[in-house]
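One structure is given here, and the rest of the page talks about it.
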Amino acid sequence: MSSLALAATPALAAGGEARVAAIDWAMLEAALAIGVTPVAACELIRFRADAMEPEVPESVTDLGLRGSPNFELLQLTRPTLILTSPWYAQIAPRLEAIAPVFSHAVYTGEPPFPLAVAGMTALAERLDREAAARAAERAAMQTLESLRARLAPLRARPLYIVQIGDARHCRAFGPDSMFGNVAALLGLENAWTAPTEFSFAAPTPLERLAARPEARILSVGPIPPEAAPGLRRSVLWNRLSPVAEDRFEVIPPVNPFGAVPAALRFARLATEALERMA
């Protein structure tokens with residue numbers, strides 16, 4: 001469920017237009033999903049590179065780092081509501097001194113997709129955009145159901161979902177990640193069953209991927225340029241059954257800590273990649 005911390009001042013500016021600022025990337029995506037363009041948000045250069053969609057207009061002010069935003073610049077944008085999450089609780093008092101704060105948790109150790117939908121719905125209620133949230137949720141569920149049907153013939157093999165770190169390590173995403181949760185919604189088995197923390201198992205030796213030789217491997221985001229030569233030369237990597245048998249694919253970047261838009265982007269790109277591997 002969402003956690004709201006709201007000050008007494010109204011969330012709507014004169015004329016009924018909300019001036020929303022987003023600290024948390026998942027809540028930035030939630031706002032965009034219901035048709036609300038923030039006046040400001042954090043780390044937009046990196047967001048545009050890591051998330052790619054939804055598109056953030058150039059008119060949105062970049063507030064700098066999520067953990068330590070430019071508070072003076074934030075105040076100058078005159079927000080009437082600031083979107084954040086419990087990840088940024090340490091700066092909540094400073095945010096609350098500027099404008100009312102809406103805080104919602106998506107990544108808690110539980111499957112995050114339902115929490116992302118709940119956050120989008122709660123934000124829409126706050127901003128009087130309930131119809132937009134209902135339409136976005138309905139479209140998302142229809143898309144997931146359509147992709148699930150497309151993947152029905154490909155469910156026999158489990159799937160590792162990873163990000164390659166270097167020539168010897170990766171991050172493996174578990175069921176508490178958006179990627180793992182969406183894979184389950186698509187009817188796919190996550191090959192990674194070991195414990196994760198903050199949605200993934202951080203730096204994990206590549207040999208751990210040999211535990212399920214029948215699996216497919218999906219890498220989210222490009223292989224780092226400095227890692228590619230080492231992987232090409234790596235006997236271990238090239239002897240992994242999914243790599244040797246062309247069951248490895250790389251998909252474009254997706255925000256690993258996003259909301260409904262990130263879930264749909266991953267679902268679409270993963271489906272297309274798995275169909276290419278079929």
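Scheme for the structure tokens: letters A, B, ... for chains in order shown; per-chain residue numbers from 1; ligand numbers from 1 in order shown.
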Just want the 10 Å neighbourhood of Ser199 in chain A, counted on only C-alpha atoms, with same-chain residues fewer than 2 positions away dropped. Output as a ChimeraX atom specification.
/A:107-112,171-181,195-197,201-202,256-257
Selection above as a file: C-alpha atoms, as a compact mmCIF listing (two decimals), in the first residue's frame:
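To be explicit, this is the file written out as part_13.txt:
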```txt
# COMPACT_ATOMS: atom_id res chain seq x y z
CA TYR A 107 10.58 -1.90 -4.15
CA THR A 108 10.06 -3.53 -0.77
CA GLY A 109 11.18 -7.15 -1.25
CA GLU A 110 7.74 -8.10 -2.59
CA PRO A 111 6.79 -8.41 -6.28
CA PRO A 112 6.78 -4.74 -7.35
CA ARG A 171 23.71 -8.96 -11.57
CA ALA A 172 20.94 -11.58 -11.52
CA PHE A 173 17.37 -10.35 -11.04
CA GLY A 174 15.08 -12.24 -8.69
CA PRO A 175 11.30 -12.45 -8.24
CA ASP A 176 11.34 -9.27 -6.12
CA SER A 177 12.59 -7.27 -9.12
CA MET A 178 10.33 -5.70 -11.73
CA PHE A 179 11.96 -7.86 -14.38
CA GLY A 180 11.43 -11.07 -12.41
CA ASN A 181 7.87 -10.12 -11.49
CA PRO A 195 18.32 -14.98 -2.45
CA THR A 196 18.43 -11.42 -3.73
CA GLU A 197 18.64 -8.04 -2.04
CA ALA A 201 21.99 -10.52 -6.54
CA ALA A 202 24.92 -8.16 -6.79
CA PRO A 256 15.38 -1.65 -13.19
CA PHE A 257 13.64 0.50 -10.57
```
Within 12 Å of range 71-82 of chain A: each range 123-215 of chain A residue with its shortest pair, only C-alpha atoms, as JSON lines:
```
{"residue": "A:Leu123", "atom": "CA", "partner": "A:Leu81", "partner_atom": "CA", "distance": 10.3}
{"residue": "A:Arg126", "atom": "CA", "partner": "A:Leu81", "partner_atom": "CA", "distance": 9.6}
{"residue": "A:Leu127", "atom": "CA", "partner": "A:Leu81", "partner_atom": "CA", "distance": 9.4}
```
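Atom to atom, CA of Leu115 in chain A and CA of Ala26 in chain A stand 10.4 Å apart.
Across the model, the gap from CA of Glu137 in chain A to CA of Val20 in chain A is 21.0 Å.
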For range 38-52 of chain A, work out the shell of residues within 7 Å, counting only C-alpha atoms and skipping chain neighbours fewer than 4 positions away, then give it as a short mmCIF file (atom, residue, chain, number, x, y, z; two decimals) with N, CA, C and O atoms, in the first residue's frame.
```
data_model
loop_
_atom_site.label_atom_id
_atom_site.label_comp_id
_atom_site.auth_asym_id
_atom_site.auth_seq_id
_atom_site.Cartn_x
_atom_site.Cartn_y
_atom_site.Cartn_z
N ARG A 19 1.84 21.14 -10.13
CA ARG A 19 3.26 21.35 -10.43
C ARG A 19 4.01 20.29 -9.62
O ARG A 19 4.26 20.45 -8.43
N VAL A 20 4.30 19.20 -10.30
CA VAL A 20 4.85 18.02 -9.64
C VAL A 20 6.36 17.97 -9.86
O VAL A 20 6.85 18.20 -10.97
N ALA A 21 7.10 17.66 -8.82
CA ALA A 21 8.54 17.39 -8.91
C ALA A 21 8.78 15.96 -8.45
O ALA A 21 8.21 15.52 -7.45
N ALA A 22 9.62 15.23 -9.17
CA ALA A 22 9.84 13.82 -8.87
C ALA A 22 11.28 13.58 -8.45
O ALA A 22 12.22 13.89 -9.20
N ILE A 23 11.46 13.05 -7.24
CA ILE A 23 12.77 12.64 -6.75
C ILE A 23 13.04 11.18 -7.14
O ILE A 23 14.11 10.83 -7.61
N VAL A 60 11.64 19.81 -18.64
CA VAL A 60 11.67 19.40 -17.23
C VAL A 60 13.03 19.75 -16.63
O VAL A 60 14.08 19.36 -17.17
N THR A 61 13.04 20.45 -15.54
CA THR A 61 14.27 20.86 -14.86
C THR A 61 14.95 19.67 -14.20
O THR A 61 14.31 18.89 -13.50
N ASP A 62 16.25 19.52 -14.42
CA ASP A 62 17.03 18.44 -13.81
C ASP A 62 17.54 18.90 -12.45
O ASP A 62 18.28 19.88 -12.36
N LEU A 63 17.14 18.19 -11.40
CA LEU A 63 17.47 18.56 -10.03
C LEU A 63 18.77 17.94 -9.52
O LEU A 63 19.12 18.12 -8.37
N GLY A 64 19.46 17.18 -10.37
CA GLY A 64 20.69 16.55 -9.91
C GLY A 64 20.43 15.20 -9.27
O GLY A 64 19.44 14.53 -9.57
N LEU A 65 21.29 14.78 -8.37
CA LEU A 65 21.26 13.44 -7.81
C LEU A 65 19.99 13.18 -7.00
O LEU A 65 19.50 14.06 -6.28
N ARG A 66 19.49 11.94 -7.10
CA ARG A 66 18.28 11.58 -6.35
C ARG A 66 18.50 11.66 -4.84
O ARG A 66 17.62 12.10 -4.11
N PRO A 69 19.32 16.04 -4.06
CA PRO A 69 18.90 16.98 -5.10
C PRO A 69 19.26 18.42 -4.75
O PRO A 69 19.54 18.74 -3.59
N THR A 77 11.46 25.93 -8.73
CA THR A 77 10.47 25.39 -9.69
C THR A 77 9.04 25.46 -9.14
O THR A 77 8.10 25.10 -9.84
N PRO A 253 18.39 -0.97 -22.85
CA PRO A 253 18.24 -0.66 -21.42
C PRO A 253 16.78 -0.53 -21.01
O PRO A 253 15.92 -0.11 -21.79
N VAL A 254 16.51 -0.92 -19.77
CA VAL A 254 15.21 -0.74 -19.13
C VAL A 254 15.50 -0.29 -17.70
O VAL A 254 16.42 -0.80 -17.06
N ASN A 255 14.72 0.64 -17.19
CA ASN A 255 14.89 1.11 -15.82
C ASN A 255 14.61 -0.03 -14.84
O ASN A 255 13.47 -0.48 -14.73
#
```
Between CA of Gly221 in chain A and CA of Gly35 in chain A, what is the distance in Å, rounded to a tenth?
26.6 Å
What lies within 10 Å of Ala210 in chain A using only C-alpha atoms, ignoring chain neighbours under 2 positions off, as a PyMOL selection string?
chain A and resi 206-208+212-215+236-237+239-242
Taking C-alpha atoms for each residue, export the selection above as a PDB file, in the first residue's frame.
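Done, and the output landed in again.pdb:
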```
ATOM      1  CA  LEU A 206      29.171 -15.847 -14.168  1.00  0.00           C
ATOM      2  CA  GLU A 207      29.717 -19.511 -13.341  1.00  0.00           C
ATOM      3  CA  ARG A 208      26.547 -19.365 -11.223  1.00  0.00           C
ATOM      4  CA  ARG A 212      20.563 -24.364 -15.170  1.00  0.00           C
ATOM      5  CA  PRO A 213      22.205 -25.395 -18.468  1.00  0.00           C
ATOM      6  CA  GLU A 214      18.801 -25.672 -20.164  1.00  0.00           C
ATOM      7  CA  ALA A 215      17.992 -22.016 -19.457  1.00  0.00           C
ATOM      8  CA  LEU A 236      33.900 -20.192 -19.029  1.00  0.00           C
ATOM      9  CA  TRP A 237      31.487 -17.804 -20.726  1.00  0.00           C
ATOM     10  CA  ARG A 239      31.104 -22.936 -22.560  1.00  0.00           C
ATOM     11  CA  LEU A 240      27.890 -21.893 -20.796  1.00  0.00           C
ATOM     12  CA  SER A 241      25.229 -23.901 -22.591  1.00  0.00           C
ATOM     13  CA  PRO A 242      22.915 -20.913 -23.256  1.00  0.00           C
TER      14      PRO A 242
END
```
